[in-house]
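Listing of data_2.pdb; format and content: PDB, C-alpha atoms.
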```
ATOM      1  CA  MET A 214     322.542  81.876  56.201
ATOM      2  CA  GLN A 215     323.832  79.128  58.478
ATOM      3  CA  SER A 216     324.645  75.979  56.547
ATOM      4  CA  ASN A 217     327.092  73.119  56.310
ATOM      5  CA  ILE A 218     326.532  72.943  52.535
ATOM      6  CA  PHE A 219     328.151  75.504  50.231
ATOM      7  CA  ILE A 220     327.803  75.827  46.469
ATOM      8  CA  ILE A 221     331.041  76.638  44.701
ATOM      9  CA  SER A 222     330.829  77.423  41.025
ATOM     10  CA  GLY A 223     332.878  78.999  38.309
ATOM     11  CA  PRO A 224     333.682  78.693  34.652
ATOM     12  CA  SER A 225     336.427  76.387  33.420
ATOM     13  CA  GLY A 226     339.724  78.115  34.147
ATOM     14  CA  ALA A 227     338.443  80.267  37.006
ATOM     15  CA  GLY A 228     340.055  77.953  39.560
ATOM     16  CA  GLU A 229     337.133  76.524  41.528
ATOM     17  CA  ASP A 230     338.767  73.071  41.832
ATOM     18  CA  SER A 231     342.004  74.673  43.069
ATOM     19  CA  VAL A 232     340.026  76.700  45.610
ATOM     20  CA  ILE A 233     338.159  73.601  46.810
ATOM     21  CA  GLU A 234     341.475  71.763  47.169
ATOM     22  CA  GLY A 235     342.913  74.733  49.117
ATOM     23  CA  LEU A 236     339.940  74.785  51.496
ATOM     24  CA  LYS A 237     340.985  71.347  52.781
ATOM     25  CA  LYS A 238     343.711  73.111  54.802
ATOM     26  CA  TYR A 239     341.012  74.880  56.822
ATOM     27  CA  PHE A 240     338.055  72.511  56.962
ATOM     28  CA  ASN A 241     337.150  68.854  57.027
ATOM     29  CA  ILE A 242     335.490  68.785  53.591
ATOM     30  CA  GLU A 243     333.414  66.376  51.609
ATOM     31  CA  ARG A 244     331.427  66.878  48.435
ATOM     32  CA  VAL A 245     327.880  66.381  47.300
ATOM     33  CA  ILE A 246     328.195  63.452  44.919
ATOM     34  CA  THR A 247     326.302  63.694  41.656
ATOM     35  CA  THR A 248     324.874  60.633  39.931
ATOM     36  CA  THR A 249     325.603  60.371  36.209
ATOM     37  CA  THR A 250     325.013  58.112  33.231
ATOM     38  CA  ARG A 251     328.289  58.992  31.523
ATOM     39  CA  GLU A 252     331.017  56.382  31.214
ATOM     40  CA  MET A 253     333.495  56.047  34.043
ATOM     41  CA  ARG A 254     336.916  57.431  33.065
ATOM     42  CA  ALA A 255     340.384  56.195  33.999
ATOM     43  CA  GLY A 256     341.141  56.952  37.640
ATOM     44  CA  GLU A 257     337.468  57.216  38.611
ATOM     45  CA  ARG A 258     335.532  54.746  40.741
ATOM     46  CA  GLN A 259     332.019  54.483  42.140
ATOM     47  CA  GLY A 260     331.432  57.533  44.340
ATOM     48  CA  ARG A 261     334.670  59.247  43.201
ATOM     49  CA  PRO A 262     333.808  61.732  41.741
ATOM     50  CA  TYR A 263     330.340  60.441  40.693
ATOM     51  CA  TYR A 264     327.883  57.651  41.286
ATOM     52  CA  PHE A 265     327.708  55.914  37.900
ATOM     53  CA  ILE A 266     324.472  54.249  36.763
ATOM     54  CA  SER A 267     322.813  53.316  33.483
ATOM     55  CA  LYS A 268     320.415  55.634  31.663
ATOM     56  CA  GLU A 269     317.673  53.064  32.295
ATOM     57  CA  LYS A 270     318.264  53.132  36.076
ATOM     58  CA  PHE A 271     318.458  56.941  36.023
ATOM     59  CA  ARG A 272     315.129  57.192  34.195
ATOM     60  CA  GLU A 273     313.585  54.749  36.687
ATOM     61  CA  GLY A 274     314.900  56.965  39.518
ATOM     62  CA  ILE A 275     313.271  60.004  37.899
ATOM     63  CA  LYS A 276     309.926  58.174  37.681
ATOM     64  CA  ARG A 277     310.186  57.147  41.356
ATOM     65  CA  GLY A 278     311.001  60.730  42.409
ATOM     66  CA  GLU A 279     314.460  59.844  43.733
ATOM     67  CA  PHE A 280     316.183  62.919  42.297
ATOM     68  CA  PHE A 281     316.288  66.254  44.074
ATOM     69  CA  GLU A 282     317.426  67.826  40.800
ATOM     70  CA  TYR A 283     318.710  66.518  37.486
ATOM     71  CA  ALA A 284     319.478  67.537  33.927
ATOM     72  CA  GLU A 285     320.212  65.869  30.629
ATOM     73  CA  GLU A 286     323.408  67.398  29.316
ATOM     74  CA  ASP A 287     326.795  66.389  28.008
ATOM     75  CA  LYS A 288     326.194  64.073  25.028
ATOM     76  CA  HIS A 289     322.693  63.208  26.319
ATOM     77  CA  ASN A 290     323.992  61.905  29.621
ATOM     78  CA  PHE A 291     322.033  62.586  32.788
ATOM     79  CA  TYR A 292     323.473  64.266  35.865
ATOM     80  CA  GLY A 293     321.566  64.656  39.102
ATOM     81  CA  VAL A 294     321.602  64.597  42.869
ATOM     82  CA  THR A 295     319.312  62.271  44.772
ATOM     83  CA  HIS A 296     317.246  63.173  47.817
ATOM     84  CA  LYS A 297     319.235  60.504  49.666
ATOM     85  CA  GLU A 298     322.501  62.344  48.828
ATOM     86  CA  ILE A 299     321.090  65.694  50.013
ATOM     87  CA  LYS A 300     320.005  64.090  53.293
ATOM     88  CA  ARG A 301     323.494  62.579  53.729
ATOM     89  CA  ALA A 302     325.103  65.989  53.082
ATOM     90  CA  LYS A 303     322.789  67.865  55.474
ATOM     91  CA  ASN A 304     323.471  65.338  58.228
ATOM     92  CA  SER A 305     327.232  65.456  57.785
ATOM     93  CA  ASP A 306     329.338  67.043  60.489
ATOM     94  CA  LYS A 307     331.720  68.227  57.766
ATOM     95  CA  ILE A 308     331.661  71.219  55.444
ATOM     96  CA  VAL A 309     330.024  69.953  52.264
ATOM     97  CA  ILE A 310     330.922  71.483  48.915
ATOM     98  CA  TRP A 311     328.427  71.263  46.065
ATOM     99  CA  LYS A 312     330.166  72.087  42.787
ATOM    100  CA  VAL A 313     327.696  72.932  40.030
ATOM    101  CA  ASP A 314     327.611  75.064  36.912
ATOM    102  CA  TYR A 315     325.694  78.351  36.727
ATOM    103  CA  LYS A 316     322.551  76.612  35.407
ATOM    104  CA  GLY A 317     322.586  74.388  38.477
ATOM    105  CA  VAL A 318     322.987  77.430  40.727
ATOM    106  CA  LEU A 319     319.973  79.118  39.110
ATOM    107  CA  ASN A 320     317.928  75.969  39.829
ATOM    108  CA  LEU A 321     319.249  75.334  43.332
ATOM    109  CA  LYS A 322     318.712  78.891  44.549
ATOM    110  CA  LYS A 323     315.004  78.503  43.701
ATOM    111  CA  ILE A 324     314.762  75.216  45.622
ATOM    112  CA  MET A 325     317.222  75.823  48.490
ATOM    113  CA  PRO A 326     317.910  79.559  48.734
ATOM    114  CA  GLU A 327     319.464  79.081  52.172
ATOM    115  CA  ILE A 328     322.559  77.378  50.710
ATOM    116  CA  PRO A 329     325.256  80.019  50.159
ATOM    117  CA  ALA A 330     326.493  80.142  46.558
ATOM    118  CA  VAL A 331     330.032  81.336  45.867
ATOM    119  CA  LEU A 332     331.168  82.278  42.372
ATOM    120  CA  ILE A 333     334.885  81.849  41.761
ATOM    121  CA  ASN A 334     335.529  84.357  39.027
ATOM    122  CA  ALA A 335     338.351  85.553  36.806
ATOM    123  CA  PRO A 336     338.517  87.840  33.773
ATOM    124  CA  LEU A 337     337.904  86.136  30.410
ATOM    125  CA  ASP A 338     341.470  86.741  29.220
ATOM    126  CA  ILE A 339     342.845  84.991  32.335
ATOM    127  CA  ILE A 340     340.377  82.121  31.920
ATOM    128  CA  GLU A 341     341.448  81.724  28.282
ATOM    129  CA  LYS A 342     345.124  81.718  29.263
ATOM    130  CA  ARG A 343     344.552  79.080  31.975
ATOM    131  CA  ILE A 344     342.591  76.815  29.623
ATOM    132  CA  LYS A 345     345.338  77.058  26.987
ATOM    133  CA  ASN A 346     348.004  76.302  29.616
ATOM    134  CA  ARG A 347     346.391  72.944  30.416
ATOM    135  CA  GLY A 348     348.065  71.346  27.439
ATOM    136  CA  LYS A 349     346.953  70.335  24.007
ATOM    137  CA  VAL A 350     343.548  71.934  23.497
ATOM    138  CA  SER A 351     342.068  73.025  20.215
ATOM    139  CA  GLU A 352     341.049  76.594  19.473
ATOM    140  CA  GLU A 353     337.493  75.253  19.087
ATOM    141  CA  PHE A 354     337.631  73.793  22.622
ATOM    142  CA  VAL A 355     338.923  77.092  24.025
ATOM    143  CA  ARG A 356     336.205  79.054  22.192
ATOM    144  CA  GLN A 357     333.491  76.705  23.509
ATOM    145  CA  ARG A 358     334.750  77.096  27.080
ATOM    146  CA  ILE A 359     334.911  80.881  26.764
ATOM    147  CA  ASP A 360     331.398  81.018  25.291
ATOM    148  CA  TYR A 361     330.111  78.834  28.154
ATOM    149  CA  ALA A 362     331.956  80.996  30.709
ATOM    150  CA  LYS A 363     329.847  83.966  29.675
ATOM    151  CA  GLY A 364     326.867  82.299  31.395
ATOM    152  CA  TRP A 365     328.512  82.903  34.776
ATOM    153  CA  PHE A 366     329.136  86.566  33.979
ATOM    154  CA  GLU A 367     325.530  87.033  32.832
ATOM    155  CA  ASN A 368     324.177  85.396  36.010
ATOM    156  CA  LYS A 369     326.420  86.871  38.722
ATOM    157  CA  SER A 370     323.355  88.134  40.584
ATOM    158  CA  ALA A 371     322.309  84.526  41.323
ATOM    159  CA  PHE A 372     325.320  84.166  43.623
ATOM    160  CA  ASP A 373     325.532  85.282  47.239
ATOM    161  CA  TYR A 374     329.276  85.911  46.946
ATOM    162  CA  VAL A 375     331.645  86.641  44.061
ATOM    163  CA  VAL A 376     335.333  86.052  44.718
ATOM    164  CA  GLU A 377     337.875  87.090  42.097
ATOM    165  CA  ASN A 378     340.670  84.563  41.617
ATOM    166  CA  GLU A 379     343.381  86.886  40.390
ATOM    167  CA  GLU A 380     346.415  85.498  38.609
ATOM    168  CA  GLY A 381     349.043  84.387  41.134
ATOM    169  CA  LYS A 382     346.773  85.000  44.135
ATOM    170  CA  LEU A 383     345.197  81.587  44.738
ATOM    171  CA  LYS A 384     346.135  81.581  48.449
ATOM    172  CA  GLU A 385     344.301  84.895  48.968
ATOM    173  CA  THR A 386     341.282  83.588  47.045
ATOM    174  CA  VAL A 387     341.155  80.464  49.214
ATOM    175  CA  LEU A 388     341.334  82.615  52.368
ATOM    176  CA  LYS A 389     338.421  84.765  51.172
ATOM    177  CA  VAL A 390     336.276  81.701  50.491
ATOM    178  CA  ALA A 391     337.321  80.127  53.824
ATOM    179  CA  LYS A 392     336.114  83.276  55.603
ATOM    180  CA  ILE A 393     332.767  83.106  53.791
ATOM    181  CA  ILE A 394     332.378  79.481  54.884
ATOM    182  CA  LYS A 395     333.428  80.237  58.468
ATOM    183  CA  ASP A 396     331.008  83.176  58.691
ATOM    184  CA  ASN A 397     328.085  81.140  57.320
ATOM    185  CA  SER A 398     328.601  77.634  58.680
ATOM    186  CA  LYS A 399     326.449  76.115  61.375
TER     187      LYS A 399
END
```

Would you write out, as structure tokens, the structure that this file holds?
Amino acid sequence: MQSNIFIISGPSGAGEDSVIEGLKKYFNIERVITTTTREMRAGERQGRPYYFISKEKFREGIKRGEFFEYAEEDKHNFYGVTHKEIKRAKNSDKIVIWKVDYKGVLNLKKIMPEIPAVLINAPLDIIEKRIKNRGKVSEEFVRQRIDYAKGWFENKSAFDYVVENEEGKLKETVLKVAKIIKDNSK
């Protein structure tokens, strides 16, 4: 599987963002940028971390066939990646990281099985601890995240690689993922 695009996925608390950040020490990285209809939050801007458009424009893009893949999720907001964005990523001379949830991985592996998918994993008790350590979060929020995390465990077979992010061993986890990228990049 030679590619410049790599899917990295994991449940909240598994550490996929920390791994992606750590990979910057080894590779010139950019990300596949998703288009969304959700409101822009403080600290965000167009293209960082999303392209922000209206629901009307998103629906028009769907009708015109502009989206490679999309879903209606989070409070009825749309998230998707355009064909134009996929073309940009494929033509990049950088390592491109595509961060998606397990549902996205299940979809993408049907459409583009050649893109290596890496699951960043951790035991549920560690995930719960990490979510709680983020600050003021309700028990309901933690329970929802843990319930959602189970989707990754139930769909491990969809991934080409599973890397355990053990507590206190982030550097080792990053090195394992860096090796996967090195061994599979074009």

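With distances restricted to all atoms listed in the file, A:Thr249 is the closest residue to A:Glu286 from A:Asn397, A:Thr249, A:Asn304, A:Asn346.
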
Exercise for review: Give me the residues within 10 Å of A:Leu236 as a list in words, counting all atoms listed in the file and dropping any in the same chain fewer than 3 places off.
Suggested key: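 Contacts, in chain order: Asp230, Ser231, Val232, Ile233, Tyr239, Phe240, Asn241, Ile242, Ile308, Ile310, Lys384, Thr386, Val387, Leu388, Val390, Ala391 and Ile394 of chain A.
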
Residues within 8 Å of (339.3, 78.1, 32.3), counting all atoms listed in the file, listed as a PDB file with C-alpha atoms, keeping the file's coordinate frame:
```pdb
ATOM      1  CA  PRO A 224     333.682  78.693  34.652  1.00  0.00           C
ATOM      2  CA  SER A 225     336.427  76.387  33.420  1.00  0.00           C
ATOM      3  CA  GLY A 226     339.724  78.115  34.147  1.00  0.00           C
ATOM      4  CA  ALA A 227     338.443  80.267  37.006  1.00  0.00           C
ATOM      5  CA  GLY A 228     340.055  77.953  39.560  1.00  0.00           C
ATOM      6  CA  ILE A 339     342.845  84.991  32.335  1.00  0.00           C
ATOM      7  CA  ILE A 340     340.377  82.121  31.920  1.00  0.00           C
ATOM      8  CA  GLU A 341     341.448  81.724  28.282  1.00  0.00           C
ATOM      9  CA  LYS A 342     345.124  81.718  29.263  1.00  0.00           C
ATOM     10  CA  ARG A 343     344.552  79.080  31.975  1.00  0.00           C
ATOM     11  CA  ILE A 344     342.591  76.815  29.623  1.00  0.00           C
ATOM     12  CA  ARG A 358     334.750  77.096  27.080  1.00  0.00           C
ATOM     13  CA  ILE A 359     334.911  80.881  26.764  1.00  0.00           C
TER      14      ILE A 359
END
```

Review point. Nearest to A:Glu234: which of A:Asn290, A:Ile221, A:Val350, A:Lys270 is it, counting all atoms listed in the file?
Key: A:Ile221

Review point. In Å, how far is it from atom CA of A:Val313 to atom CA of A:Gly223?
Key: 8.2 Å

Point to revise | Nearest to A:Glu252 by atom-to-atom distance, counting all atoms listed in the file, from A:Ala371, A:Ile275, A:Ile266, A:Ile299 | key: A:Ile266

Exercise on stretch 218-227 of chain A, axis-aligned box with 4 Å per side, report centre and edge lengths in Å to one decimal, as JSON:
```
{"center_x": 333.1, "center_y": 76.6, "center_z": 43.0, "size_x": 21.2, "size_y": 15.3, "size_z": 27.1}
```

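Going from atom CA of A:Glu327 over to atom CA of A:Glu282, you cover 16.1 Å.
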
Check your understanding: Residues at most 10 Å from A:Arg251, counting only C-alpha atoms, excluding those fewer than 6 positions away in the same chain, as a VMD selection string?
Key -> chain A and resid 263 to 268 286 to 292

Practice item. Compile the contact shell of A:Pro326 as a PyMOL selection string: residues with an atom at most 10 Å away, counting all atoms listed in the file, same-chain residues fewer than 5 positions apart removed. Key: chain A and resi 214+318-321+371+373

Review point. What is the distance, in Å and to one decimal place, between atom CA of A:Gly348 and atom CA of A:Leu332?
Key: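 These atoms are spaced 25.1 Å apart.
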
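Minimum atom-to-atom distance to A:Asp314, evaluated using all atoms listed in the file, belongs to A:Ser222 out of A:Thr295, A:Gln259, A:Gln215, A:Ser222.
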